[in-house]
Amino acid sequence: MSEKDPRQVSTDYRAFLLGWIKHVPPQPDDRELVGAGVASRSAQPDSAQDEWQMRAGSREIPFALTDYEAPPAVELSAGFDADGTEYVFEDEPEADPLVDPRYDAEDRNWVRYRSHWGGFLRLLGVAVIIFFLLTTIRGRIYDWIDGQIVPSGPIGEPVIFTIGNGEAVNQIATNLDNAGVIGNATVFRYWLRCDGPNGGEITISGFLRCDIDTSFEIGEYALFENMPYADVNNILVNGPIPVVYENFTIPEGLRVVEIIERMVDINPQFDRGQIVEALNNPAYVSNYLPDDIGQFSWFEGLLFPATYDVPEDDLRDEARFIQRMSNTFDQRYGALIDEVGRDPVIEQLELTDYQIITIASLIEEEARVDVDRPQMARVMYNRLLRGEPLGVDASVYYALNKSFTEGLTASDLLVDSPYNTRLNTGIPPTPIAAPGEAALRAALQPDPNPELLFWARTDHGGVDGAHTFTTNLDDHNAAVAVCRALGYCG
């Protein structure tokens with residue numbers, strides 16, 4: 001190592017290079033390196049140099065280092081002087097770093113001794129900051145929630161809000177949000193669950209434990225945009241706007257063409273053209289309609305006769321009324337099957353539901369009193385089993401598109417039509433009118449007498465329109481004579 005490079009620094013745990021170290025004669029304000037020993041390999045004192053070496057031997061080393069050269073706890077080799085003497089500084093590796101006792105605030109290389117409380121104070125400061133942030137965020141969240149529950153600004157425009165069938169509170173809240181009635185669906189849901197209408201509050205820690213169940217009636221409600229939650233709830237709890245209904249009656253036994261006229265008569269707001277258009281829509285047909293039935297007969301016998309309450313808003317909706325009658329038929333006929341089942345003769349004849357409905361339409365047109373319907377059904381089934389024509393004049397009227405008030409002539413009874421049950425065996429291809437529930441019930445569960453074969457109107461038992469049912473031709477002819485005497489038979 002040259003004279004201009006008098007020392008090399010090495011350490012067992014890190015290495016770095018100090019600057020130049022120069023001997024300086026002792027001065028009163030010189031800083032001394034304390035805690036380090038020096039071993040000299042020359043023992044001959046001579047002048048100032050020898051004096052310095054002797055003082056080094058006595059472990060008093062007068063020299064000065066700049067602030068940034070104050071070495072940490074390491075072992076230092078200062079190198080050799082001009083006389084070949086090596087100087088080694090042996091510092092303690094575990095000792096604190098050497099610090100110049102003259103503090104200079106501008107010197108960035110000074111090492112500060114941290115107080116014993118430094119870590120705790122920093123931890124306390126962090127905790128205070130976190131607490132402040134959480135408190136601020138919590139306050140802002142609660143302020144925002146309060147602003148949703150009681151929104152600022154005036155009430156907005158009116159809204160007609162509809163709750164549909166089967167809608168849960170979550171869906172209702174979403175719809176209210178979409179309509180602008182409330183500002184946030186999630187807050188409204190939890191407000192209800194946390195019993196907000198009765199003073200309950202949403203809390204950050206407790207909202208998951210809110211479990212109040214709420215339900216509202218289906219219907220229309222008069223609300224406004226930007227409403228407080230309490231006002232919205234009060235209106236929903238009080239129920240929907242009362243609906244104004246019109247009652248329309250479709251009597252039993254009408255053909256489709258007669259139902260069209262009936263609809264126009266009972267509701268002037270119905271349009272005949274719109275009714276016909278709805279009757280040409282396959283989306284509204286009954287589930288009991290076979291695939292091979294022509295369009296003209298899609299709805300014949302499959303629109304349930306009843307009294308319907310029609311909301312004021314639907315008085316111009318012809319399609320909805322047609323669909324409602326079709327759906328009602330399916331519901332009522334399906335309920336009857338579940339209630340009374342099908343008589344064994346139906347399985348014996350292998351009849352479809354559509355054929356049963358056709359039998360019911362024949363019964364509807366022929367019978368005048370309820371007591372006759374099951375016996376009339378039994379007569380028809382017995383004739384089908386025997387392969388005989390049903391002999392129902394009502395089907396001939398249908399084939400000729402005549403009303404019952406016109407009467408039948410001898411030539412009418414000879415009309416060539418699959419609906420002429422005087423000439424043809426079997427069941428007509430379609431129903432001939434809309435059967436009511438009593439006729440459908442009779443077709444499913446006929447009278448148990450297996451021998452009935454005939455009927456004739458005789459006002460039996462003094463009941464106007466009642467028929468006499470017989471099991472043989474002689475008794476039947478006698479009943480026909482009474483029918484003719486009363487003017488019912490030709």
# chains A, B, ... in the order shown; residues from 1 in each chain; ligands from 1
$ select_by_dssp --residues "stretch 175-377 of chain A" --states "strand (DSSP E)" --output "list in words"
Gly219, Glu220, Tyr221, Ala222, Leu223, Phe224, Tyr245, Glu246, Asn247, Phe248, Thr249, Thr307, Tyr308, Asp309, Val310 and Pro311 of chain A
$ residues_around --residues "A:Leu315" --least-positions-apart "3" --cutoff "12 Å" --atoms "only C-alpha atoms" --output "ChimeraX atom specification"
/A:244-248,263-264,266-271,308-312,318-321
$ residues_around --residues "A:Gln148" --least-positions-apart "5" --cutoff "10 Å" --atoms "only C-alpha atoms" --output "count of residues only"
12
$ residues_around --residues "A:Pro158" --least-positions-apart "5" --cutoff "8 Å" --atoms "only C-alpha atoms" --output "VMD selection string"
chain A and resid 222 to 225
$ atom_distance --atom1 "atom CA of A:Met376" --atom2 "atom CA of A:Ala306"
22.7 Å
$ atom_distance --atom1 "atom CA of A:Ile359" --atom2 "atom CA of A:His476"
21.6 Å
$ residues_around --residues "A:Tyr190" --least-positions-apart "3" --cutoff "9 Å" --atoms "only C-alpha atoms" --output "PyMOL selection string"
chain A and resi 185-187+193-196+202+207-208+210-211
$ residues_around --residues "A:Leu486" --least-positions-apart "4" --cutoff "9 Å" --atoms "only C-alpha atoms" --output "VMD selection string"
chain A and resid 457 to 459 481 to 482
$ atom_distance --atom1 "atom CA of A:Leu133" --atom2 "atom CA of A:Gly199"
28.6 Å
$ closest_residue --among "A:Glu388, A:Glu350, A:Asp412, A:Asp265" --to "A:Leu400" --atoms "only C-alpha atoms"
A:Asp412
$ select_by_dssp --residues "stretch 332-454 of chain A" --states "alpha helix (DSSP H)" --output "ChimeraX atom specification"
/A:332-340,344-349,353-366,372-386,393-400,437-444
$ residues_around --residues "A:Leu236" --least-positions-apart "2" --cutoff "8 Å" --atoms "only C-alpha atoms" --output "PDB file with N, CA and C atoms, in the first residue's frame"
ATOM      1  N   PHE A 216     -95.337  -7.181   0.565  1.00  0.00           N
ATOM      2  CA  PHE A 216     -96.293  -6.176   0.108  1.00  0.00           C
ATOM      3  C   PHE A 216     -97.269  -6.833  -0.865  1.00  0.00           C
ATOM      4  N   GLU A 217     -98.460  -6.265  -0.965  1.00  0.00           N
ATOM      5  CA  GLU A 217     -99.480  -6.796  -1.857  1.00  0.00           C
ATOM      6  C   GLU A 217     -99.160  -6.447  -3.308  1.00  0.00           C
ATOM      7  N   TYR A 221     -99.300   1.244  -7.148  1.00  0.00           N
ATOM      8  CA  TYR A 221     -99.153   2.193  -6.056  1.00  0.00           C
ATOM      9  C   TYR A 221     -98.789   3.559  -6.630  1.00  0.00           C
ATOM     10  N   VAL A 232     -92.363   5.860   1.590  1.00  0.00           N
ATOM     11  CA  VAL A 232     -92.539   4.755   0.638  1.00  0.00           C
ATOM     12  C   VAL A 232     -93.153   3.549   1.342  1.00  0.00           C
ATOM     13  N   ASN A 233     -92.609   3.207   2.497  1.00  0.00           N
ATOM     14  CA  ASN A 233     -93.112   2.043   3.237  1.00  0.00           C
ATOM     15  C   ASN A 233     -94.570   2.231   3.651  1.00  0.00           C
ATOM     16  N   ASN A 234     -94.934   3.426   4.111  1.00  0.00           N
ATOM     17  CA  ASN A 234     -96.319   3.658   4.541  1.00  0.00           C
ATOM     18  C   ASN A 234     -97.300   3.436   3.403  1.00  0.00           C
ATOM     19  N   ASN A 238    -100.071   0.226   3.149  1.00  0.00           N
ATOM     20  CA  ASN A 238    -101.515   0.499   3.072  1.00  0.00           C
ATOM     21  C   ASN A 238    -102.190  -0.197   1.904  1.00  0.00           C
ATOM     22  N   GLY A 239    -101.412  -0.818   1.036  1.00  0.00           N
ATOM     23  CA  GLY A 239    -102.004  -1.589  -0.049  1.00  0.00           C
ATOM     24  C   GLY A 239    -102.094  -0.803  -1.337  1.00  0.00           C
ATOM     25  N   PRO A 240    -102.337  -1.509  -2.448  1.00  0.00           N
ATOM     26  CA  PRO A 240    -102.341  -0.870  -3.768  1.00  0.00           C
ATOM     27  C   PRO A 240    -103.568   0.007  -3.995  1.00  0.00           C
TER      28      PRO A 240
END
$ closest_residue --among "A:Phe404, A:Phe132, A:Trp144, A:Tyr354" --to "A:Gly253" --atoms "only C-alpha atoms"
A:Phe404
$ closest_residue --among "A:Met380, A:Ala399, A:Ala278, A:Val256" --to "A:Phe304" --atoms "only C-alpha atoms"
A:Val256
